[in-house]
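**Student:** Encoded as structure tokens, here's the structure I'll be asking about.
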Amino acid sequence: MTSMVYWLDMAGVIVFALSGVILACRSRMDPFGMLVLAAVTGIGGGTLRDLVLGVRPVFWVADPTYLWVILATVGVSIIGFHYIHRLSRIFLPVADAFGLALFTAIGTHKALQLDTPGAVAVLMGLLTGVAGGMVRDVLAHQVPMVLRQEIYATASIAGGITYVVLYGLEAPWALTISLALLMTLGLRLAAIYWRLSLPVFAWVEIAPPAPAKDEAGHDETPPPPTRTKARVRMIRQKRGGNSRGERDE
């Protein structure tokens with residue numbers, strides 16, 4: 001199981017690093033910028049997780065293989081730059097979804113191995129899955145996906161809860177991590193395909209009603225002046241809104 005966790009973690013680093021490279025290409029960054037975005041995306045979330053959990057040294061310091069894998073991913077991407085740059089716009093959100101699912105499961109698993117409560121384990125899975133992408137988007141002058149309406153952090157939380165519940169029921173580990181991965185990945189891919197999003201709350205100004213008209217079509221005696229009212233209402237994002245793969249870049 002330890003070996004499988006390691007290779008899943010490495011796969012997540014590669015996928016997230018590749019998403020960082022693609023975003024760097026679209027943001028017209030130089031090779032160093034590509035390396036920085038790939039690194040913060042690939043190991044940023046896990047680094048924060050280990051720091052919060054008090055794990056010393058953090059995973060990539062104990063095993064520099066992660067750094068070499070990121071460097072190799074960037075190197076291969078530079079060699080095949082024209083192919084990377086021409087990848088379909090849907091590739092970035094799909095790759096990001098796979099990385100989110102892998103890192104959520106790995107982060108939750110590592111927290112549970114340290115005997116943390118279930119709620120903390122779910123939070124560590126979320127931190128592992130979204131923190132690196134948040135830093136990547138900020139460096140690329142993008143609004144982090146977790147701060148927008150799209151179903152992103154929600155998918156990570158659902159996957160973490162699935163892992164914690166099955167872990168508590170002592171389900172086979174292969175079943176536990178498989179269902180957790182499918183939960184996060186399924187929700188995220190469904191949100192991308194159908195453009196699903198969470199509702200947002202906003203202040204909405206309600207104008208006073210217009211004066212009624214009499215039978216001749218003239219305005220009746222106008223009511224006394226009323227102030228514009230403000231209410232908090234739930235607003236759903238339009239289905240035609242941009243997703244991660246359709247942003248203006």
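By order of appearance in the structure tokens: chains A, B, ..., then residues from 1 within every chain, and ligands from 1 in the order shown.
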I'd like the neighbourhood of range 158-162 of chain A as a VMD selection string, where a residue qualifies if any of its atoms comes within 7 Å (using only C-alpha atoms), though same-chain residues fewer than 4 positions away should be ignored.
**Tutor:** chain A and resid 104 to 105 108 122 125 154 166 180 to 181 183 to 184
**Student:** Give me the residues within 9 Å of Leu187 in chain A as a PyMOL selection string, counting only C-alpha atoms and dropping any in the same chain fewer than 5 places off.
**Tutor:** chain A and resi 151-152+154-156+158+182+192
**Student:** Could you list, as a PyMOL selection string, every residue within 6 Å of range 31-41 of chain A, counting only C-alpha atoms and ignoring same-chain residues fewer than 2 positions away?
**Tutor:** chain A and resi 16-17+20-21+24+29+43-44+132-133+136
**Student:** Quick one: write out the picked residues with N, CA, C and O atoms as a compact mmCIF listing (two decimals), in the first residue's frame?
**Tutor:**
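File selection39.txt, as written:
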# COMPACT_ATOMS: atom_id res chain seq x y z
N PHE A 16 -0.27 17.82 -11.96
CA PHE A 16 -0.39 19.21 -11.54
C PHE A 16 0.74 20.07 -12.11
O PHE A 16 0.54 21.23 -12.47
N ALA A 17 1.95 19.50 -12.17
CA ALA A 17 3.07 20.25 -12.76
C ALA A 17 2.79 20.55 -14.22
O ALA A 17 3.07 21.66 -14.71
N GLY A 20 0.48 23.40 -14.52
CA GLY A 20 1.20 24.65 -14.31
C GLY A 20 1.98 25.08 -15.53
O GLY A 20 2.03 26.27 -15.87
N VAL A 21 2.58 24.12 -16.23
CA VAL A 21 3.32 24.43 -17.45
C VAL A 21 2.39 24.99 -18.53
O VAL A 21 2.71 25.97 -19.21
N ALA A 24 1.41 28.46 -17.73
CA ALA A 24 2.54 29.35 -17.95
C ALA A 24 2.71 29.65 -19.43
O ALA A 24 3.02 30.79 -19.82
N MET A 29 4.97 33.01 -20.27
CA MET A 29 6.10 33.06 -19.33
C MET A 29 7.32 32.40 -19.94
O MET A 29 7.22 31.57 -20.86
N ILE A 43 3.95 20.71 -5.78
CA ILE A 43 4.32 20.40 -4.39
C ILE A 43 3.83 21.44 -3.40
O ILE A 43 4.04 21.28 -2.19
N GLY A 44 3.17 22.50 -3.87
CA GLY A 44 2.74 23.56 -2.95
C GLY A 44 1.73 23.09 -1.92
O GLY A 44 1.86 23.35 -0.72
N GLY A 132 -1.93 24.38 -4.01
CA GLY A 132 -0.97 24.58 -5.09
C GLY A 132 -1.59 25.27 -6.29
O GLY A 132 -0.99 26.17 -6.89
N GLY A 133 -2.81 24.87 -6.65
CA GLY A 133 -3.50 25.50 -7.76
C GLY A 133 -3.84 26.95 -7.48
O GLY A 133 -3.84 27.79 -8.39
N ARG A 136 -0.68 28.89 -8.04
CA ARG A 136 -0.43 28.93 -9.48
C ARG A 136 -1.29 29.99 -10.16
O ARG A 136 -0.80 30.80 -10.96
**Student:** List every residue of range 1-151 of chain A that DSSP, applied to the backbone of this structure, places in alpha helix (DSSP H), and write the result as a PyMOL selection string.
**Tutor:** chain A and resi 2-26+31-53+59-62+65-79+81-85+91-113+118-139
**Student:** Can you pull out every residue within 10 Å of Ala11 in chain A, counting only C-alpha atoms, but drop anything in the same chain fewer than 6 positions away, and send it as a PDB file with all heavy atoms, in the first residue's frame?
**Tutor:**
ATOM      1  N   VAL A   5       0.685   4.320  -2.698  1.00  0.00           N
ATOM      2  CA  VAL A   5       0.481   5.715  -2.305  1.00  0.00           C
ATOM      3  C   VAL A   5       1.586   6.601  -2.884  1.00  0.00           C
ATOM      4  O   VAL A   5       1.324   7.699  -3.382  1.00  0.00           O
ATOM      5  CB  VAL A   5       0.430   5.845  -0.768  1.00  0.00           C
ATOM      6  CG1 VAL A   5       0.453   7.312  -0.352  1.00  0.00           C
ATOM      7  CG2 VAL A   5      -0.812   5.169  -0.219  1.00  0.00           C
ATOM      8  N   ALA A  17       1.947  19.505 -12.172  1.00  0.00           N
ATOM      9  CA  ALA A  17       3.068  20.252 -12.757  1.00  0.00           C
ATOM     10  C   ALA A  17       2.786  20.554 -14.221  1.00  0.00           C
ATOM     11  O   ALA A  17       3.068  21.657 -14.709  1.00  0.00           O
ATOM     12  CB  ALA A  17       4.362  19.457 -12.611  1.00  0.00           C
ATOM     13  N   GLY A  42       2.750  21.544  -8.247  1.00  0.00           N
ATOM     14  CA  GLY A  42       3.002  20.140  -7.955  1.00  0.00           C
ATOM     15  C   GLY A  42       3.250  19.832  -6.493  1.00  0.00           C
ATOM     16  O   GLY A  42       2.827  18.774  -5.992  1.00  0.00           O
ATOM     17  N   VAL A  69      11.367  15.065 -10.777  1.00  0.00           N
ATOM     18  CA  VAL A  69      10.200  14.754 -11.616  1.00  0.00           C
ATOM     19  C   VAL A  69       9.603  16.043 -12.182  1.00  0.00           C
ATOM     20  O   VAL A  69       9.235  16.116 -13.359  1.00  0.00           O
ATOM     21  CB  VAL A  69       9.153  13.970 -10.808  1.00  0.00           C
ATOM     22  CG1 VAL A  69       7.813  13.931 -11.545  1.00  0.00           C
ATOM     23  CG2 VAL A  69       9.636  12.555 -10.554  1.00  0.00           C
ATOM     24  N   PHE A  98      -7.875  15.541 -12.481  1.00  0.00           N
ATOM     25  CA  PHE A  98      -7.168  14.331 -12.076  1.00  0.00           C
ATOM     26  C   PHE A  98      -6.198  14.628 -10.930  1.00  0.00           C
ATOM     27  O   PHE A  98      -6.096  13.859  -9.967  1.00  0.00           O
ATOM     28  CB  PHE A  98      -6.415  13.729 -13.268  1.00  0.00           C
ATOM     29  CG  PHE A  98      -7.244  12.836 -14.126  1.00  0.00           C
ATOM     30  CD1 PHE A  98      -7.896  13.339 -15.240  1.00  0.00           C
ATOM     31  CD2 PHE A  98      -7.403  11.491 -13.821  1.00  0.00           C
ATOM     32  CE1 PHE A  98      -8.680  12.517 -16.037  1.00  0.00           C
ATOM     33  CE2 PHE A  98      -8.179  10.659 -14.617  1.00  0.00           C
ATOM     34  CZ  PHE A  98      -8.819  11.168 -15.731  1.00  0.00           C
ATOM     35  N   GLY A  99      -5.464  15.734 -11.033  1.00  0.00           N
ATOM     36  CA  GLY A  99      -4.555  16.101  -9.955  1.00  0.00           C
ATOM     37  C   GLY A  99      -5.289  16.376  -8.660  1.00  0.00           C
ATOM     38  O   GLY A  99      -4.840  15.976  -7.576  1.00  0.00           O
ATOM     39  N   LEU A 102      -6.324  12.987  -7.103  1.00  0.00           N
ATOM     40  CA  LEU A 102      -5.180  12.261  -6.550  1.00  0.00           C
ATOM     41  C   LEU A 102      -4.679  12.916  -5.269  1.00  0.00           C
ATOM     42  O   LEU A 102      -4.465  12.243  -4.251  1.00  0.00           O
ATOM     43  CB  LEU A 102      -4.058  12.204  -7.587  1.00  0.00           C
ATOM     44  CG  LEU A 102      -4.280  11.279  -8.793  1.00  0.00           C
ATOM     45  CD1 LEU A 102      -3.229  11.538  -9.857  1.00  0.00           C
ATOM     46  CD2 LEU A 102      -4.247   9.817  -8.356  1.00  0.00           C
ATOM     47  N   PHE A 103      -4.501  14.224  -5.285  1.00  0.00           N
ATOM     48  CA  PHE A 103      -3.957  14.907  -4.120  1.00  0.00           C
ATOM     49  C   PHE A 103      -4.936  14.922  -2.953  1.00  0.00           C
ATOM     50  O   PHE A 103      -4.519  14.885  -1.790  1.00  0.00           O
ATOM     51  CB  PHE A 103      -3.556  16.335  -4.484  1.00  0.00           C
ATOM     52  CG  PHE A 103      -2.170  16.435  -5.066  1.00  0.00           C
ATOM     53  CD1 PHE A 103      -1.471  15.299  -5.431  1.00  0.00           C
ATOM     54  CD2 PHE A 103      -1.557  17.662  -5.243  1.00  0.00           C
ATOM     55  CE1 PHE A 103      -0.198  15.381  -5.956  1.00  0.00           C
ATOM     56  CE2 PHE A 103      -0.282  17.762  -5.764  1.00  0.00           C
ATOM     57  CZ  PHE A 103       0.404  16.617  -6.122  1.00  0.00           C
TER      58      PHE A 103
END
